[in-house]
Structures are given as structure tokens and as C-alpha cells.
Amino acid sequence: MNLTPGKHVVATDFDGGEGILVDLNTKKYYQLNETAMIVWKGLEQGKSTTEIAAEITSNYEVALDQATLSVERIVDNFQTYKLISASQ
Amino acid sequence: METVTTFSGDYGPQRLSVELANICNLHCSYCFRADENLYSPHAEFFPVDLLRRVISEARTVAGITRVSFTGGEPTLHPQFTETLNTIAEAGLTASFVSNGWHFDRVWPAIQANRTALSHVAFSLDGVTRETHDRWRGQGSFDRLVRAFSRCYMSNLPFGLKIVIRRDLMDQLEQIALFAARMGAASLHFVHVMPTSNTVADTAALSLEEQRVAEQEIAILARIFKMNIGLDVGYYNIDEERPPCSPLAGTSMNIDYRGRLSLCCNLSGFRGADNEEDVVADLNVESFADAYAKFVSLAKAQSQRRKTALAALRSQGLTPDLYTGSPCLFCLQSFGKIPWH
């Protein structure tokens with residue numbers, strides 16, 4: 001399944017790895033912590049959730065299963081708020 | 001019932017408006033600044049040393065507490081950080097108006113001088129990518145939204161300024177809603193400053209259209225919590241009080257060459273054949289001498305307009321747009337719109 005950031009979303013990087021998304025449809029801000037921003041950037045680069053989780057484990061001291069769980073939870077949130085779209 | 005729009009009469013604090021740069025990176029066709037400045041191959045930037053000297057003198061002589069930076073695009077100043085440092089060191093507060101394009105680049109300078117910045121004003125041309133970028137080029141809207149994001153998350157108040165072109169007449173409420181949802185602290189509308197017959201006919205509002213727009217803005221100002229107002233070009237025929245802060249003597253403009261002039265809306269006006277609004281070159285004159293000339297010109301211009309309004313009143317005539325609007329009256333009487 002391909003997960004693609006919506007074209008209606010504008011992302012901004014902040015110092016320290018955090019970020020913010022603006023949904024231009026709803027005109028709402030979403031503040032992202034460092035992990036969520038890594039996930040968002042990964043999706044922008046066309047990476048799968050597995051690849052993003054692997055990237056997190058290579059940069060942070062976290063087990064793969066924990067990283068995968070975090071990435072999936074964050075992706076679920078992105079989908080709930082219609083910030084990304086999924087396609088086969 | 002008709003909703004009456006009136007000028008609030010609040011001229012704000014004593015302040016300087018300083019043009020930091022003559023150039024701009026965007027090409028907005030309705031902009032009233034002269035092309036030879038905005039797109040000059042010779043970029044000129046306000047010298048930081050002169051800024052330091054002028055604000056010190058202006059503080060003593062005119063009691064200024066604020067400086068607002070304009071342009072061109074002020075963030076193009078190669079010493080933008082130093083200009084903000086200068087304000088912070090002087091214990092004053094500053095704001096600047098920007099198209100937002102270079103906001104990411106100047107963000108560290110803003111963070112470093114956060115306490116000296118009261119707010120940032122962003123120019124907006126529409127509430128979608130399509131409508132905004134049509135006037136300001138592809139990518140402008142996204143950059144602007146990123147700038148909003150930075151301000152919003154850092155609690156730096158930001159306002160929006162939007163020129164009411166004719167095609168935006170039916171979108172004023174939508175614009176206010178957009179500004180509110182983005183977390184803007186203020187929304188200031190601006191009438192088109194006509195630079196030619198073509199601009200006047202195609203983009204600027206007629207007197208009747210202005211009245212409708214100004215009534216709508218007054219309604220929006222009552223509905224929304226954020227500050228909503230009309231900054232430039234409004235119709236005001238009150239003969240008793242100065243119609244604007246420059247004529248009240250509370251705001252003074254200094255152009256990118258370091259010349260003190262009456263108003264930022266007259267400065268570098270496209271197609272102008274007169275610079276009588278420029279009173280002194282601060283590179284060679286003290287602010288005290290220049291300020292005396294400024295006050296004298298502001299008084300003379302106020303009186304000139306009072307006389308014009310009184311003459312029409314005595315004949316039982318309603319002032320036309322070019323007399324009733326203080327901005328258009330000044331444009332006309334200072335030779336900025338010779339085509340009119």
C-alpha cells in the first residue's frame with residue numbers, strides 16, 4: 001500500500017526536528033513531534049512504513065518492533081485527519 | 001439599515017516607517033512602487049549605521065517608540081539581522097511587512113530578536129494557492145503558509161494585508177475567515193492605489209464599490225475577534241481631525257535612500273512626476289531639522305485638504321473619490337498620478 005502526503009498539506013520543519021502541518025482544506029494546524037516529522041518526511045520521499053521504521057532504528061536507540069508500532073500509530077493518525085491518502 | 005464606516009481616529013504610537021530595500025523578488029502587477037526601484041539591477045539597502053543614528057535622534061525629537069520596516073521586500077536586506085539587532089539594542093519595537101518568500105531564511109534573525117518584534121504583516125492576494133499564486137507566482141502561497149506556521153507555533157503575532165482588487169469584492173468574508181483560521185492577529189484591507197487609468201479601471205473600486213466594501217469590512221470587524229481594519233485608500237470627509245497618521249504627525253516615512261517623506265504610500269510611486277512629499281535627506285541633515293520640515297508639510301497638507309473639502313461643502317457637493325479619500329487626495333496633490 002502506498003501512503004502519499006496530501007497535496008493540500010503544507011509541512012514546515014522546525015529546529016530540533018519538530019514540525020507543523022497545515023491542512024489547506026480545513027485550515028488546521030497539526031504540531032508534529034520529532035518522530036512524527038520523520039514519518040512525514042519519509043512518506044514525502046515515497047518510503048514504506050517498514051523503511052521508515054528501519055530508518056528510526058538506525059538513528060535512535062529503539063527496537064524495530066517498537067519503532068514499527070510508533071510509525072503505524074502515527075500513520076493511522078495522519079489517515080484519520082485525512083493528511084495522507086492510501087493507494088494499492 | 002446602512003452601516004457607517006468611520007476612521008477610528010487612533011493614529012497609533014509615534015513611529016517611523018523605514019524602507020529597508022528598493023527591490024522586491026515578486027512582481028505584483030498592481031503594486032504602486034515604481035518598477036525602476038523594485039526591479040532595478042542596482043539593489044539599494046538602507047544603511048544600518050544610518051538607521052542607528054536616525055532612530056536615536058527620532059526618539060529624542062519625535063518620541064518614536066516603534067519602527068516598521070517596508071520595502072521593496074525588507075527581508076532582502078543583506079543585514080536584516082543587524083537591522084533587528086539595532087532595534088533591540090535601542091529598546092524599541094519593530095514590525096515588518098513581507099511577502100513571506102524568504103521567511104525561512106530570516107527566521108533565525110527573528111528568533112534572535114523576538115522581544116524586539118511586535119508582529120509581522122504578510123501580504124496576501126487570495127485564500128487558495130491558485131488565487132494567491134496567480135498574482136505572486138508559483139510557490140508563494142505555500143511559503144506564506146509556512147511563514148504563518150512559524151509565527152503561530154512561536155507565538156509571534158502576525159497580520160495579513162490584502163489589497164481589495166475588484167475581483168475580491170465578493171470574497172471579503174472568506175478572506176476574514178481564512179485569516180482567523182490561520183490564527184492571524186489582524187487583517188488589514190487596503191484599497192488599490194491607482195497607478196494608471198488601466199489599473200484604476202480594471203482593479204480599483206469605484207466610489208460606490210468602495211462604500212460597499214468599507215461597510216462590509218466594518219461588519220466583519222464587529223463579527224471577528226481579530227483586529228480588522230482598512231489601512232489605505234478609505235473614504236473620510238471629516239474636516240475636523242487629520243484623516244491619517246502621517247497628517248496627524250505620528251508616523252513618518254524614510255525611503256531606502258535615507259530621505260524623510262510624508263507617507264510610505266507616496267514614496268517611490270509608479271509614474272510620479274513630483275517628490276514634494278520628500279522633505280529632507282537624512283544622510284546630510286539631522287532628524288531634528290528634517291522633522292520640523294515634516295511637521296510643517298503635514299500641517300500644510302492637512303489644511304489644503306480641509307480647504308478642498310470645505311469648498312465642496314459650501315457648494316453642496318459630495319466630495320468625489322479623489323478628494324474624499326485622503327490617500328487619493330495626497331496622490332493627486334503631490335503629483336503622483338499625473339495621468340489622472
# chains A, B, ... in the order shown; residues from 1 in each chain; ligands from 1
>>> closest_atom_pairs(of="chain B", to="chain A", cutoff="9 Å", atoms="only C-alpha atoms", output="JSON lines")
{"residue": "B:Thr128", "atom": "CA", "partner": "A:Leu24", "partner_atom": "CA", "distance": 8.0}
{"residue": "B:Asp142", "atom": "CA", "partner": "A:Val10", "partner_atom": "CA", "distance": 6.4}
{"residue": "B:Arg143", "atom": "CA", "partner": "A:Val10", "partner_atom": "CA", "distance": 8.8}
{"residue": "B:Val145", "atom": "CA", "partner": "A:Val10", "partner_atom": "CA", "distance": 7.1}
{"residue": "B:Arg146", "atom": "CA", "partner": "A:Thr12", "partner_atom": "CA", "distance": 5.6}
{"residue": "B:Ala147", "atom": "CA", "partner": "A:Thr12", "partner_atom": "CA", "distance": 8.6}
{"residue": "B:Ser149", "atom": "CA", "partner": "A:Ile20", "partner_atom": "CA", "distance": 6.7}
{"residue": "B:Arg150", "atom": "CA", "partner": "A:Thr12", "partner_atom": "CA", "distance": 7.7}
{"residue": "B:Tyr152", "atom": "CA", "partner": "A:Tyr29", "partner_atom": "CA", "distance": 8.9}
{"residue": "B:Met153", "atom": "CA", "partner": "A:Ile20", "partner_atom": "CA", "distance": 8.1}
{"residue": "B:Phe178", "atom": "CA", "partner": "A:Lys27", "partner_atom": "CA", "distance": 7.3}
{"residue": "B:Arg181", "atom": "CA", "partner": "A:Lys27", "partner_atom": "CA", "distance": 5.9}
{"residue": "B:Met182", "atom": "CA", "partner": "A:Lys27", "partner_atom": "CA", "distance": 6.4}
>>> residues_around(residues="Thr86 of chain B", least_positions_apart="2", cutoff="8 Å", atoms="only C-alpha atoms", output="list in words")
Val48, Leu51, Arg52, Glu82, Thr83, Leu84, Ala88, Glu89 and Ala90 of chain B
>>> select_by_dssp(residues="segment 89-334 of chain B", states="strand (DSSP E or B)", output="VMD selection string")
chain B and resid 93 to 98 117 to 124 158 to 164 186 to 191 227 to 232 251 to 254 259 to 261 269 278 to 281
>>> closest_residue(among="B:Val190, B:Ala62, B:Leu262, B:Ala184", to="Ala300 of chain B", atoms="only C-alpha atoms")
B:Leu262
>>> atom_distance(atom1="atom CA of Trp40 of chain A", atom2="atom CA of Thr4 of chain A")
9.4 Å
>>> decode(residues="segment 230-248 of chain B", atoms="N, CA, C and O atoms", output="short mmCIF file (atom, residue, chain, number, x, y, z; two decimals), in the first residue's frame")
data_model
loop_
_atom_site.label_atom_id
_atom_site.label_comp_id
_atom_site.auth_asym_id
_atom_site.auth_seq_id
_atom_site.Cartn_x
_atom_site.Cartn_y
_atom_site.Cartn_z
N LEU B 230 -9.21 48.94 7.77
CA LEU B 230 -8.91 49.39 6.41
C LEU B 230 -7.78 50.40 6.52
O LEU B 230 -7.94 51.45 7.14
N ASP B 231 -6.64 50.08 5.96
CA ASP B 231 -5.44 50.90 6.18
C ASP B 231 -5.28 52.04 5.19
O ASP B 231 -4.81 53.12 5.54
N VAL B 232 -5.58 51.75 3.96
CA VAL B 232 -5.19 52.69 2.90
C VAL B 232 -6.35 52.92 1.94
O VAL B 232 -7.04 51.98 1.56
N GLY B 233 -6.56 54.18 1.58
CA GLY B 233 -7.49 54.50 0.50
C GLY B 233 -8.92 54.72 0.92
O GLY B 233 -9.78 54.99 0.08
N TYR B 234 -9.20 54.61 2.23
CA TYR B 234 -10.57 54.75 2.70
C TYR B 234 -11.11 56.16 2.44
O TYR B 234 -10.37 57.11 2.28
N TYR B 235 -12.42 56.23 2.42
CA TYR B 235 -13.12 57.49 2.19
C TYR B 235 -13.40 58.12 3.54
O TYR B 235 -14.01 57.51 4.41
N ASN B 236 -12.95 59.35 3.73
CA ASN B 236 -13.14 60.02 5.02
C ASN B 236 -13.19 61.52 4.79
O ASN B 236 -12.20 62.13 4.40
N ILE B 237 -14.37 62.10 5.03
CA ILE B 237 -14.52 63.53 4.74
C ILE B 237 -14.69 64.35 6.02
O ILE B 237 -15.21 65.46 5.99
N ASP B 238 -14.21 63.79 7.12
CA ASP B 238 -14.21 64.54 8.37
C ASP B 238 -13.20 65.68 8.25
O ASP B 238 -12.01 65.46 8.02
N GLU B 239 -13.69 66.90 8.41
CA GLU B 239 -12.80 68.06 8.26
C GLU B 239 -12.12 68.45 9.56
O GLU B 239 -11.21 69.28 9.57
N GLU B 240 -12.57 67.86 10.66
CA GLU B 240 -12.08 68.30 11.97
C GLU B 240 -10.74 67.69 12.36
O GLU B 240 -9.89 68.34 12.92
N ARG B 241 -10.60 66.41 12.04
CA ARG B 241 -9.40 65.71 12.50
C ARG B 241 -8.55 65.24 11.32
O ARG B 241 -9.09 64.91 10.27
N PRO B 242 -7.24 65.18 11.51
CA PRO B 242 -6.41 64.62 10.43
C PRO B 242 -6.90 63.22 10.08
O PRO B 242 -7.24 62.44 10.97
N PRO B 243 -6.95 62.89 8.79
CA PRO B 243 -7.54 61.61 8.39
C PRO B 243 -6.61 60.42 8.50
O PRO B 243 -7.04 59.28 8.30
N CYS B 244 -5.34 60.66 8.80
CA CYS B 244 -4.39 59.53 8.82
C CYS B 244 -3.21 59.88 9.73
O CYS B 244 -3.03 61.04 10.11
N SER B 245 -2.41 58.87 10.04
CA SER B 245 -1.31 59.09 10.98
C SER B 245 -0.21 60.01 10.42
O SER B 245 0.35 60.80 11.19
N PRO B 246 0.14 59.94 9.13
CA PRO B 246 1.16 60.90 8.65
C PRO B 246 0.69 62.36 8.79
O PRO B 246 1.45 63.22 9.24
N LEU B 247 -0.57 62.62 8.42
CA LEU B 247 -1.05 64.00 8.51
C LEU B 247 -1.26 64.42 9.97
O LEU B 247 -1.27 65.60 10.29
N ALA B 248 -1.43 63.42 10.84
CA ALA B 248 -1.51 63.73 12.28
C ALA B 248 -0.12 63.90 12.88
O ALA B 248 0.03 64.25 14.05
#
